[in-house]
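K.L.:
my_file-v3.pdb is reproduced in full below (PDB, C-alpha atoms).
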```
ATOM      1  CA  GLY A   1      -5.238 -18.144 -25.391  1.00  0.00           C
ATOM      2  CA  ASN A   2      -7.938 -18.973 -22.884  1.00  0.00           C
ATOM      3  CA  ASP A   3      -7.490 -16.679 -19.873  1.00  0.00           C
ATOM      4  CA  ASP A   4      -9.869 -18.746 -17.772  1.00  0.00           C
ATOM      5  CA  ARG A   5      -7.637 -21.798 -18.116  1.00  0.00           C
ATOM      6  CA  ASP A   6      -5.006 -20.129 -15.933  1.00  0.00           C
ATOM      7  CA  LEU A   7      -6.763 -17.105 -14.479  1.00  0.00           C
ATOM      8  CA  THR A   8      -4.045 -16.192 -11.989  1.00  0.00           C
ATOM      9  CA  SER A   9      -1.159 -16.238 -14.465  1.00  0.00           C
ATOM     10  CA  ALA A  10      -3.166 -14.260 -17.002  1.00  0.00           C
ATOM     11  CA  LEU A  11      -4.141 -11.624 -14.417  1.00  0.00           C
ATOM     12  CA  LEU A  12      -0.584 -11.233 -13.098  1.00  0.00           C
ATOM     13  CA  ALA A  13       0.750 -10.941 -16.638  1.00  0.00           C
ATOM     14  CA  TYR A  14      -1.855  -8.300 -17.462  1.00  0.00           C
ATOM     15  CA  ALA A  15      -0.908  -6.322 -14.333  1.00  0.00           C
ATOM     16  CA  GLN A  16       2.697  -6.350 -15.494  1.00  0.00           C
ATOM     17  CA  THR A  17       1.795  -5.108 -18.972  1.00  0.00           C
ATOM     18  CA  LEU A  18      -0.115  -2.228 -17.353  1.00  0.00           C
ATOM     19  CA  GLY A  19       2.998  -1.119 -15.477  1.00  0.00           C
ATOM     20  CA  ALA A  20       2.917  -2.931 -12.134  1.00  0.00           C
ATOM     21  CA  ASP A  21       6.448  -3.555 -10.842  1.00  0.00           C
ATOM     22  CA  LEU A  22       5.366  -6.180  -8.289  1.00  0.00           C
ATOM     23  CA  ALA A  23       2.335  -8.432  -7.945  1.00  0.00           C
ATOM     24  CA  GLY A  24       1.186 -11.297  -5.757  1.00  0.00           C
ATOM     25  CA  VAL A  25      -1.970 -13.005  -4.534  1.00  0.00           C
ATOM     26  CA  ALA A  26      -3.202 -13.650  -0.990  1.00  0.00           C
ATOM     27  CA  PRO A  27      -6.178 -15.874  -0.225  1.00  0.00           C
ATOM     28  CA  ALA A  28      -8.855 -14.128   1.825  1.00  0.00           C
ATOM     29  CA  GLU A  29      -8.345 -16.637   4.648  1.00  0.00           C
ATOM     30  CA  ARG A  30      -4.714 -15.562   5.019  1.00  0.00           C
ATOM     31  CA  LEU A  31      -5.746 -11.947   5.557  1.00  0.00           C
ATOM     32  CA  ASP A  32      -8.552 -12.978   7.910  1.00  0.00           C
ATOM     33  CA  ALA A  33      -6.005 -14.733  10.119  1.00  0.00           C
ATOM     34  CA  LEU A  34      -3.678 -11.745   9.930  1.00  0.00           C
ATOM     35  CA  ALA A  35      -6.486  -9.384  10.956  1.00  0.00           C
ATOM     36  CA  GLU A  36      -6.983 -11.393  14.153  1.00  0.00           C
ATOM     37  CA  GLN A  37      -3.353 -10.732  15.044  1.00  0.00           C
ATOM     38  CA  LEU A  38      -3.615  -7.031  14.198  1.00  0.00           C
ATOM     39  CA  ARG A  39      -6.755  -6.219  16.181  1.00  0.00           C
ATOM     40  CA  PRO A  40      -5.141  -6.313  19.660  1.00  0.00           C
ATOM     41  CA  VAL A  41      -2.524  -3.855  18.390  1.00  0.00           C
ATOM     42  CA  PHE A  42      -4.563  -1.387  16.351  1.00  0.00           C
ATOM     43  CA  GLU A  43      -8.042  -1.481  17.865  1.00  0.00           C
ATOM     44  CA  THR A  44      -6.856  -0.683  21.392  1.00  0.00           C
ATOM     45  CA  GLU A  45      -5.471   2.761  20.493  1.00  0.00           C
ATOM     46  CA  THR A  46      -7.283   5.991  19.639  1.00  0.00           C
ATOM     47  CA  VAL A  47      -6.308   7.500  16.297  1.00  0.00           C
ATOM     48  CA  LEU A  48      -6.264  11.267  15.782  1.00  0.00           C
ATOM     49  CA  ASP A  49      -7.382  12.303  12.293  1.00  0.00           C
ATOM     50  CA  ALA A  50      -6.133  15.763  11.332  1.00  0.00           C
ATOM     51  CA  THR A  51      -7.785  17.657   8.473  1.00  0.00           C
ATOM     52  CA  ASP A  52      -6.300  20.883   7.154  1.00  0.00           C
ATOM     53  CA  ARG A  53      -8.992  23.574   6.927  1.00  0.00           C
ATOM     54  CA  SER A  54      -6.680  26.266   5.562  1.00  0.00           C
ATOM     55  CA  ILE A  55      -6.443  27.642   2.034  1.00  0.00           C
ATOM     56  CA  ARG A  56      -3.504  26.315   0.029  1.00  0.00           C
ATOM     57  CA  PHE A  57      -0.152  28.024   0.732  1.00  0.00           C
ATOM     58  CA  THR A  58      -1.402  29.558   3.986  1.00  0.00           C
ATOM     59  CA  PRO A  59      -0.642  28.477   7.580  1.00  0.00           C
ATOM     60  CA  TRP A  60      -2.022  25.104   8.564  1.00  0.00           C
ATOM     61  CA  GLN A  61      -5.359  25.093  10.384  1.00  0.00           C
ATOM     62  CA  PRO A  62      -5.838  21.565  11.712  1.00  0.00           C
ATOM     63  CA  ASP A  63      -9.161  20.071  12.675  1.00  0.00           C
ATOM     64  CA  VAL A  64      -8.317  17.058  14.853  1.00  0.00           C
ATOM     65  CA  GLN A  65     -10.920  14.383  15.564  1.00  0.00           C
ATOM     66  CA  PRO A  66     -10.425  11.168  17.600  1.00  0.00           C
ATOM     67  CA  ARG A  67     -11.400   7.850  16.079  1.00  0.00           C
ATOM     68  CA  GLN A  68     -11.393   4.229  17.205  1.00  0.00           C
ATOM     69  CA  PRO A  69      -9.819   2.214  14.375  1.00  0.00           C
ATOM     70  CA  ARG A  70     -11.208  -1.062  13.094  1.00  0.00           C
ATOM     71  CA  VAL A  71      -9.086  -3.610  11.281  1.00  0.00           C
ATOM     72  CA  LYS A  72     -10.825  -4.637   8.066  1.00  0.00           C
ATOM     73  CA  THR A  73     -10.834  -7.907   6.166  1.00  0.00           C
ATOM     74  CA  PRO A  74     -11.485  -8.684   2.473  1.00  0.00           C
ATOM     75  CA  ALA A  75     -15.152  -9.428   3.254  1.00  0.00           C
ATOM     76  CA  ASP A  76     -15.591  -5.846   4.495  1.00  0.00           C
ATOM     77  CA  TRP A  77     -14.801  -4.679   0.978  1.00  0.00           C
ATOM     78  CA  LEU A  78     -16.546  -7.437  -0.960  1.00  0.00           C
ATOM     79  CA  PRO A  79     -18.928 -10.038   0.505  1.00  0.00           C
ATOM     80  CA  GLY A  80     -17.871 -13.442  -0.723  1.00  0.00           C
ATOM     81  CA  ALA A  81     -14.276 -12.343  -1.299  1.00  0.00           C
ATOM     82  CA  ARG A  82     -11.938 -15.222  -2.075  1.00  0.00           C
ATOM     83  CA  SER A  83      -8.677 -13.603  -3.147  1.00  0.00           C
ATOM     84  CA  VAL A  84      -6.685 -10.373  -2.936  1.00  0.00           C
ATOM     85  CA  LEU A  85      -4.346  -9.276  -5.707  1.00  0.00           C
ATOM     86  CA  VAL A  86      -1.677  -6.878  -4.423  1.00  0.00           C
ATOM     87  CA  PHE A  87       0.493  -4.976  -6.878  1.00  0.00           C
ATOM     88  CA  GLY A  88       3.219  -2.410  -6.329  1.00  0.00           C
ATOM     89  CA  LEU A  89       4.672   0.608  -8.102  1.00  0.00           C
ATOM     90  CA  ARG A  90       8.257   1.488  -7.279  1.00  0.00           C
ATOM     91  CA  TYR A  91       9.606   4.813  -6.090  1.00  0.00           C
ATOM     92  CA  HIS A  92      12.722   5.664  -8.089  1.00  0.00           C
ATOM     93  CA  ARG A  93      15.881   5.595  -5.997  1.00  0.00           C
ATOM     94  CA  ALA A  94      17.069   9.000  -7.243  1.00  0.00           C
ATOM     95  CA  VAL A  95      13.904  10.659  -5.929  1.00  0.00           C
ATOM     96  CA  LEU A  96      14.634   9.493  -2.383  1.00  0.00           C
ATOM     97  CA  GLN A  97      18.308  10.369  -2.654  1.00  0.00           C
ATOM     98  CA  GLN A  98      17.418  13.908  -3.682  1.00  0.00           C
ATOM     99  CA  ALA A  99      15.135  14.280  -0.652  1.00  0.00           C
ATOM    100  CA  THR A 100      18.010  13.487   1.744  1.00  0.00           C
ATOM    101  CA  ARG A 101      20.849  15.378   0.061  1.00  0.00           C
ATOM    102  CA  PRO A 102      21.924  18.567   1.881  1.00  0.00           C
ATOM    103  CA  PRO A 103      22.129  21.506   1.941  1.00  0.00           C
ATOM    104  CA  ALA A 104      18.687  21.931   0.342  1.00  0.00           C
ATOM    105  CA  GLU A 105      16.823  18.646   0.636  1.00  0.00           C
ATOM    106  CA  ALA A 106      14.341  18.587  -2.245  1.00  0.00           C
ATOM    107  CA  VAL A 107      11.148  16.913  -1.087  1.00  0.00           C
ATOM    108  CA  GLY A 108       9.189  18.094  -4.132  1.00  0.00           C
ATOM    109  CA  PRO A 109      10.108  15.173  -6.434  1.00  0.00           C
ATOM    110  CA  TYR A 110       9.257  12.700  -3.650  1.00  0.00           C
ATOM    111  CA  ALA A 111       5.903  14.394  -3.032  1.00  0.00           C
ATOM    112  CA  PHE A 112       5.148  14.340  -6.764  1.00  0.00           C
ATOM    113  CA  GLN A 113       5.996  10.650  -7.056  1.00  0.00           C
ATOM    114  CA  THR A 114       3.785   9.961  -4.037  1.00  0.00           C
ATOM    115  CA  TYR A 115       0.917  11.520  -5.983  1.00  0.00           C
ATOM    116  CA  VAL A 116       1.813   9.879  -9.304  1.00  0.00           C
ATOM    117  CA  THR A 117       2.080   6.344  -7.911  1.00  0.00           C
ATOM    118  CA  HIS A 118      -1.293   6.720  -6.184  1.00  0.00           C
ATOM    119  CA  TRP A 119      -2.906   8.054  -9.354  1.00  0.00           C
ATOM    120  CA  LEU A 120      -1.261   5.504 -11.644  1.00  0.00           C
ATOM    121  CA  GLY A 121      -2.028   2.682  -9.191  1.00  0.00           C
ATOM    122  CA  SER A 122      -5.690   3.638  -9.317  1.00  0.00           C
ATOM    123  CA  VAL A 123      -5.674   3.593 -13.124  1.00  0.00           C
ATOM    124  CA  ILE A 124      -4.008   0.180 -13.238  1.00  0.00           C
ATOM    125  CA  GLY A 125      -6.319  -1.132 -10.530  1.00  0.00           C
ATOM    126  CA  TYR A 126      -9.504  -0.096 -12.287  1.00  0.00           C
ATOM    127  CA  ARG A 127      -8.342  -1.693 -15.526  1.00  0.00           C
ATOM    128  CA  LEU A 128      -7.710  -4.918 -13.593  1.00  0.00           C
ATOM    129  CA  VAL A 129     -11.198  -4.635 -12.079  1.00  0.00           C
ATOM    130  CA  ASN A 130     -12.681  -4.276 -15.561  1.00  0.00           C
ATOM    131  CA  TRP A 131     -10.640  -7.280 -16.741  1.00  0.00           C
ATOM    132  CA  LEU A 132     -12.076  -9.461 -13.974  1.00  0.00           C
ATOM    133  CA  GLU A 133     -15.624  -8.172 -14.404  1.00  0.00           C
ATOM    134  CA  ALA A 134     -15.473  -8.996 -18.117  1.00  0.00           C
ATOM    135  CA  ARG A 135     -14.858 -12.594 -17.065  1.00  0.00           C
ATOM    136  CA  GLY A 136     -17.797 -12.687 -14.664  1.00  0.00           C
ATOM    137  CA  TYR A 137     -16.053 -11.902 -11.374  1.00  0.00           C
ATOM    138  CA  ALA A 138     -16.599  -9.032  -8.933  1.00  0.00           C
ATOM    139  CA  ALA A 139     -13.661  -6.900  -7.755  1.00  0.00           C
ATOM    140  CA  VAL A 140     -13.099  -3.859  -5.534  1.00  0.00           C
ATOM    141  CA  LEU A 141     -10.047  -1.609  -5.366  1.00  0.00           C
ATOM    142  CA  THR A 142      -8.633  -0.300  -2.077  1.00  0.00           C
ATOM    143  CA  ALA A 143      -5.617   1.818  -1.148  1.00  0.00           C
ATOM    144  CA  ASP A 144      -5.631   0.463   2.439  1.00  0.00           C
ATOM    145  CA  LEU A 145      -7.283  -2.928   2.836  1.00  0.00           C
ATOM    146  CA  THR A 146      -6.811  -3.385   6.589  1.00  0.00           C
ATOM    147  CA  GLY A 147      -7.388   0.297   7.418  1.00  0.00           C
ATOM    148  CA  THR A 148      -4.112   0.492   9.340  1.00  0.00           C
ATOM    149  CA  GLY A 149      -2.337   3.071   7.181  1.00  0.00           C
ATOM    150  CA  SER A 150      -2.466   6.852   7.167  1.00  0.00           C
ATOM    151  CA  PHE A 151      -2.060   9.815   4.810  1.00  0.00           C
ATOM    152  CA  THR A 152       0.801  12.026   3.682  1.00  0.00           C
ATOM    153  CA  ALA A 153       0.274  15.755   3.209  1.00  0.00           C
ATOM    154  CA  ASN A 154       0.630  16.760  -0.425  1.00  0.00           C
ATOM    155  CA  PRO A 155      -0.030  19.894  -2.523  1.00  0.00           C
ATOM    156  CA  ARG A 156      -2.435  17.757  -4.580  1.00  0.00           C
ATOM    157  CA  GLY A 157      -4.354  16.633  -1.507  1.00  0.00           C
ATOM    158  CA  PRO A 158      -3.646  13.978   1.138  1.00  0.00           C
ATOM    159  CA  GLN A 159      -2.163  10.816  -0.349  1.00  0.00           C
ATOM    160  CA  PRO A 160      -2.219   7.306   1.192  1.00  0.00           C
ATOM    161  CA  ASP A 161       1.153   6.735   2.851  1.00  0.00           C
ATOM    162  CA  LEU A 162       3.541   3.817   2.354  1.00  0.00           C
ATOM    163  CA  PHE A 163       2.184   1.999   5.405  1.00  0.00           C
ATOM    164  CA  CYS A 164      -1.042   1.387   3.492  1.00  0.00           C
ATOM    165  CA  ASN A 165      -1.467  -2.200   2.299  1.00  0.00           C
ATOM    166  CA  ARG A 166       1.798  -3.305   3.942  1.00  0.00           C
ATOM    167  CA  PHE A 167      -0.018  -6.225   5.581  1.00  0.00           C
ATOM    168  CA  ALA A 168      -1.774  -7.115   2.336  1.00  0.00           C
ATOM    169  CA  GLY A 169       1.619  -7.121   0.613  1.00  0.00           C
ATOM    170  CA  LEU A 170       3.003  -9.309   3.368  1.00  0.00           C
ATOM    171  CA  ALA A 171       0.131 -11.779   2.947  1.00  0.00           C
ATOM    172  CA  ALA A 172       0.653 -11.784  -0.839  1.00  0.00           C
ATOM    173  CA  GLY A 173       4.294 -12.795  -0.437  1.00  0.00           C
ATOM    174  CA  LEU A 174       5.796  -9.575  -1.778  1.00  0.00           C
ATOM    175  CA  GLY A 175       8.171  -9.011   1.124  1.00  0.00           C
ATOM    176  CA  ARG A 176       8.783  -8.897   4.869  1.00  0.00           C
ATOM    177  CA  LEU A 177       8.186  -6.279   7.563  1.00  0.00           C
ATOM    178  CA  THR A 178      11.040  -4.129   8.855  1.00  0.00           C
ATOM    179  CA  VAL A 179      11.674  -2.606  12.281  1.00  0.00           C
ATOM    180  CA  SER A 180      10.155   0.631  10.990  1.00  0.00           C
ATOM    181  CA  GLY A 181       6.945  -1.216  10.113  1.00  0.00           C
ATOM    182  CA  HIS A 182       7.355  -0.872   6.342  1.00  0.00           C
ATOM    183  CA  LEU A 183       7.139  -3.703   3.864  1.00  0.00           C
ATOM    184  CA  ALA A 184      10.559  -4.423   2.348  1.00  0.00           C
ATOM    185  CA  THR A 185      10.707  -6.239  -0.988  1.00  0.00           C
ATOM    186  CA  PRO A 186      13.776  -7.905  -2.541  1.00  0.00           C
ATOM    187  CA  ALA A 187      13.657  -5.644  -5.597  1.00  0.00           C
ATOM    188  CA  PHE A 188      12.987  -2.217  -4.100  1.00  0.00           C
ATOM    189  CA  GLY A 189      13.399  -2.327  -0.324  1.00  0.00           C
ATOM    190  CA  ILE A 190      10.737  -0.028   1.130  1.00  0.00           C
ATOM    191  CA  ARG A 191      10.481   2.029  -2.076  1.00  0.00           C
ATOM    192  CA  GLN A 192       7.041   1.011  -3.365  1.00  0.00           C
ATOM    193  CA  ARG A 193       3.371   1.877  -3.153  1.00  0.00           C
ATOM    194  CA  LEU A 194       0.998  -1.064  -2.815  1.00  0.00           C
ATOM    195  CA  VAL A 195      -2.559  -1.299  -4.133  1.00  0.00           C
ATOM    196  CA  ALA A 196      -4.968  -4.115  -3.236  1.00  0.00           C
ATOM    197  CA  LEU A 197      -7.739  -5.574  -5.356  1.00  0.00           C
ATOM    198  CA  VAL A 198     -10.314  -7.728  -3.541  1.00  0.00           C
ATOM    199  CA  THR A 199     -12.160 -10.222  -5.731  1.00  0.00           C
ATOM    200  CA  ASP A 200     -14.347 -13.299  -5.619  1.00  0.00           C
ATOM    201  CA  ALA A 201     -12.213 -14.899  -8.327  1.00  0.00           C
ATOM    202  CA  PRO A 202     -10.504 -18.169  -7.285  1.00  0.00           C
ATOM    203  CA  LEU A 203      -6.904 -17.019  -7.697  1.00  0.00           C
ATOM    204  CA  ALA A 204      -3.933 -19.202  -6.783  1.00  0.00           C
ATOM    205  CA  ALA A 205      -2.089 -17.990  -3.661  1.00  0.00           C
ATOM    206  CA  SER A 206       1.484 -16.743  -3.911  1.00  0.00           C
ATOM    207  CA  PRO A 207       4.002 -18.277  -1.493  1.00  0.00           C
ATOM    208  CA  LEU A 208       5.018 -16.156   1.479  1.00  0.00           C
ATOM    209  CA  ALA A 209       8.375 -14.382   1.216  1.00  0.00           C
ATOM    210  CA  ALA A 210      11.406 -16.370   2.253  1.00  0.00           C
ATOM    211  CA  ASP A 211      13.430 -15.367   5.302  1.00  0.00           C
ATOM    212  CA  GLY A 212      16.199 -12.860   4.765  1.00  0.00           C
ATOM    213  CA  ILE A 213      14.737  -9.382   4.354  1.00  0.00           C
ATOM    214  CA  ALA A 214      13.531  -8.802   7.896  1.00  0.00           C
ATOM    215  CA  ASP A 215      16.611 -10.555   9.264  1.00  0.00           C
ATOM    216  CA  ARG A 216      18.767  -7.661   8.055  1.00  0.00           C
ATOM    217  CA  CYS A 217      17.146  -5.433  10.676  1.00  0.00           C
ATOM    218  CA  GLY A 218      18.277  -7.694  13.478  1.00  0.00           C
ATOM    219  CA  ALA A 219      21.832  -7.910  12.181  1.00  0.00           C
ATOM    220  CA  CYS A 220      22.561  -4.199  11.713  1.00  0.00           C
ATOM    221  CA  GLY A 221      23.098  -1.295  14.103  1.00  0.00           C
ATOM    222  CA  ARG A 222      19.710   0.177  13.159  1.00  0.00           C
ATOM    223  CA  PRO A 223      20.979   3.544  11.883  1.00  0.00           C
ATOM    224  CA  CYS A 224      17.405   4.385  10.806  1.00  0.00           C
ATOM    225  CA  ILE A 225      16.444   4.739  14.483  1.00  0.00           C
ATOM    226  CA  ALA A 226      19.477   6.849  15.341  1.00  0.00           C
ATOM    227  CA  ALA A 227      19.156   9.083  12.276  1.00  0.00           C
ATOM    228  CA  CYS A 228      15.401   9.785  12.388  1.00  0.00           C
ATOM    229  CA  PRO A 229      15.108  13.489  13.372  1.00  0.00           C
ATOM    230  CA  SER A 230      11.582  13.105  14.755  1.00  0.00           C
ATOM    231  CA  GLN A 231      12.299   9.826  16.598  1.00  0.00           C
ATOM    232  CA  ALA A 232       9.347   8.324  14.741  1.00  0.00           C
ATOM    233  CA  ILE A 233      10.587   4.752  14.936  1.00  0.00           C
TER     234      ILE A 233
END
```
What would the structure in this file look like if it were written as structure tokens?
P.N.:
Amino acid sequence: GNDDRDLTSALLAYAQTLGADLAGVAPAERLDALAEQLRPVFETETVLDATDRSIRFTPWQPDVQPRQPRVKTPADWLPGARSVLVFGLRYHRAVLQQATRPPAEAVGPYAFQTYVTHWLGSVIGYRLVNWLEARGYAAVLTADLTGTGSFTANPRGPQPDLFCNRFAGLAAGLGRLTVSGHLATPAFGIRQRLVALVTDAPLAASPLAADGIADRCGACGRPCIAACPSQAI
């Protein structure tokens, strides 16, 4: 059929055929408004970036540098941006269960899936970029649209963590934020990596997620806070 007749539906369907488990669209204006709310939170704190200078499998030698963060908008990635496609790749439940099962918690499968979802998300994203460019639109891929995420240490190099693109996913209607600051989706909870594609294509906006996901945090005893060994939450 004619993809241009219903560009959004055709693009979302193509993302699904490439392996995306979730997908939604946020208008650039929705993320611009969200950035205004995020700036007082993120731009008032100093971030410490730690780079490991050691050789692999030797003791860590951190090089820590302070940085003042800046919350980004779609226009920072692509002048004239009109839409943001956000798609997700799930983390398999068994991988997370294995990482928390004593007496020898196996973090290796989780670390490998962290790498694989980032790599596969990049492959899917670039094919979506090519799809849009073939139809006359510009598109840019980003692992962290707002610049409010971080990185996870990995034997294959630092990988964008699961905080990356949480606000883009929120704006695209994929889920709601939890007490821990993750994006929770109806299908996978917090078990997904999100990738954002900024484009000047006039895509139809997805509706925001309905109430219900974030409400679970207020109704429970918050065992995640009590169980976290590093008191990170």
K.L.:
Apply the PyMOL selection byres ((chain A and resi 107) around 12) to the structure shown and report the selected residues as a list of chain:residue names.
P.N.:
A:Ala94, A:Val95, A:Leu96, A:Gln97, A:Gln98, A:Ala99, A:Thr100, A:Arg101, A:Pro102, A:Ala104, A:Glu105, A:Ala106, A:Gly108, A:Pro109, A:Tyr110, A:Ala111, A:Phe112, A:Gln113, A:Thr114, A:Ala153, A:Asn154, A:Pro155
K.L.:
On this file, the PyMOL selection byres ((chain A and resi 161) around 8) gives some set of residues; write that set as JSON, numbers by chain.
P.N.:
{"A": [149, 150, 151, 152, 159, 160, 162, 163, 164]}
K.L.:
Can you work out the spacing between CA of Ala28 (chain A) and CA of Ser83 (chain A) in Å, to one decimal?
P.N.:
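Between CA of Ala28 (chain A) and CA of Ser83 (chain A) the gap works out to 5.0 Å.
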K.L.:
Run through the PyMOL selection byres ((chain A and resi 190) around 12) on the given coordinates and return the selected residues as number ranges by chain.
P.N.:
A: 88-93, 96, 161-163, 166, 169, 174-189, 191-194, 213-214
K.L.:
Pick out the closest residue to Ala143 (chain A) from this set: A:Leu197, A:Leu48, A:Leu38, A:Leu85. Count all atoms listed in the file.
P.N.:
A:Leu197
K.L.:
Select, from A:Pro66, A:Gly147, A:Gly157, A:Pro59, the residue with the minimum atom-to-atom distance to Val47 (chain A), counting only C-alpha atoms.
P.N.:
A:Pro66
K.L.:
Quick one: of A:Asn165, A:Gln68, A:Ser9, A:Tyr14, who's nearest to Thr46 (chain A), counting all atoms listed in the file?
P.N.:
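Of A:Asn165, A:Gln68, A:Ser9, A:Tyr14, the one nearest Thr46 (chain A) is A:Gln68, counting all atoms listed in the file.
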K.L.:
Do you know which residues are at most 10 Å from Asp52 (chain A) counting only C-alpha atoms, after dropping those on the same chain fewer than 3 positions away, and could you put them as an MDAnalysis selection string?
P.N.:
chainID A and resid 55:56 59:64 153 157:158
K.L.:
Tell me, in Å to one decimal, how far CA of Ala138 (chain A) is from CA of Asp200 (chain A).
P.N.:
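Computed distance, CA of Ala138 (chain A) to CA of Asp200 (chain A), equals 5.9 Å.
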K.L.:
Every residue with an atom at most 7 Å from (-4.6, -18.8, -1.0) (file coordinates; only C-alpha atoms) is what I'm after, so could you write them as a compact mmCIF listing (two decimals) with C-alpha atoms, keeping the file's coordinate frame?
P.N.:
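Contents of the output file point-v4.txt:
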```txt
# COMPACT_ATOMS: atom_id res chain seq x y z
CA ALA A 26 -3.20 -13.65 -0.99
CA PRO A 27 -6.18 -15.87 -0.22
CA ALA A 28 -8.86 -14.13 1.82
CA ARG A 30 -4.71 -15.56 5.02
CA SER A 83 -8.68 -13.60 -3.15
CA ALA A 204 -3.93 -19.20 -6.78
CA ALA A 205 -2.09 -17.99 -3.66
```
K.L.:
How many Å lie between CA of Thr8 (chain A) and CA of Ala23 (chain A), rounded to one decimal?
P.N.:
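For CA of Thr8 (chain A) relative to CA of Ala23 (chain A), the distance reads 10.8 Å.
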K.L.:
Could you check the closest approach to Leu31 (chain A) for each of A:Gly136, A:Pro223, A:Pro207, A:Pro74 and tell me which residue wins, using all atoms listed in the file?
P.N.:
A:Pro74
K.L.:
Nearest to Val198 (chain A) among A:Tyr126, A:Trp77, A:Phe167, A:Phe42, with distances taken over all atoms listed in the file: which residue is it?
P.N.:
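Of A:Tyr126, A:Trp77, A:Phe167, A:Phe42, the one nearest Val198 (chain A), counting all atoms listed in the file, is A:Trp77.
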K.L.:
With distances taken over all atoms listed in the file, which of A:Gln231, A:Thr51, A:Thr117, A:Thr199 is nearest to Leu132 (chain A)?
P.N.:
A:Thr199
K.L.:
Skip Trp131 (chain A) itself and residues of its chain fewer than 6 positions away, then list as an MDAnalysis selection string all residues within 12 Å of it, counting all atoms listed in the file.
P.N.:
chainID A and resid 3:4 7 10:15 18 124:125 137:140 197 199 201
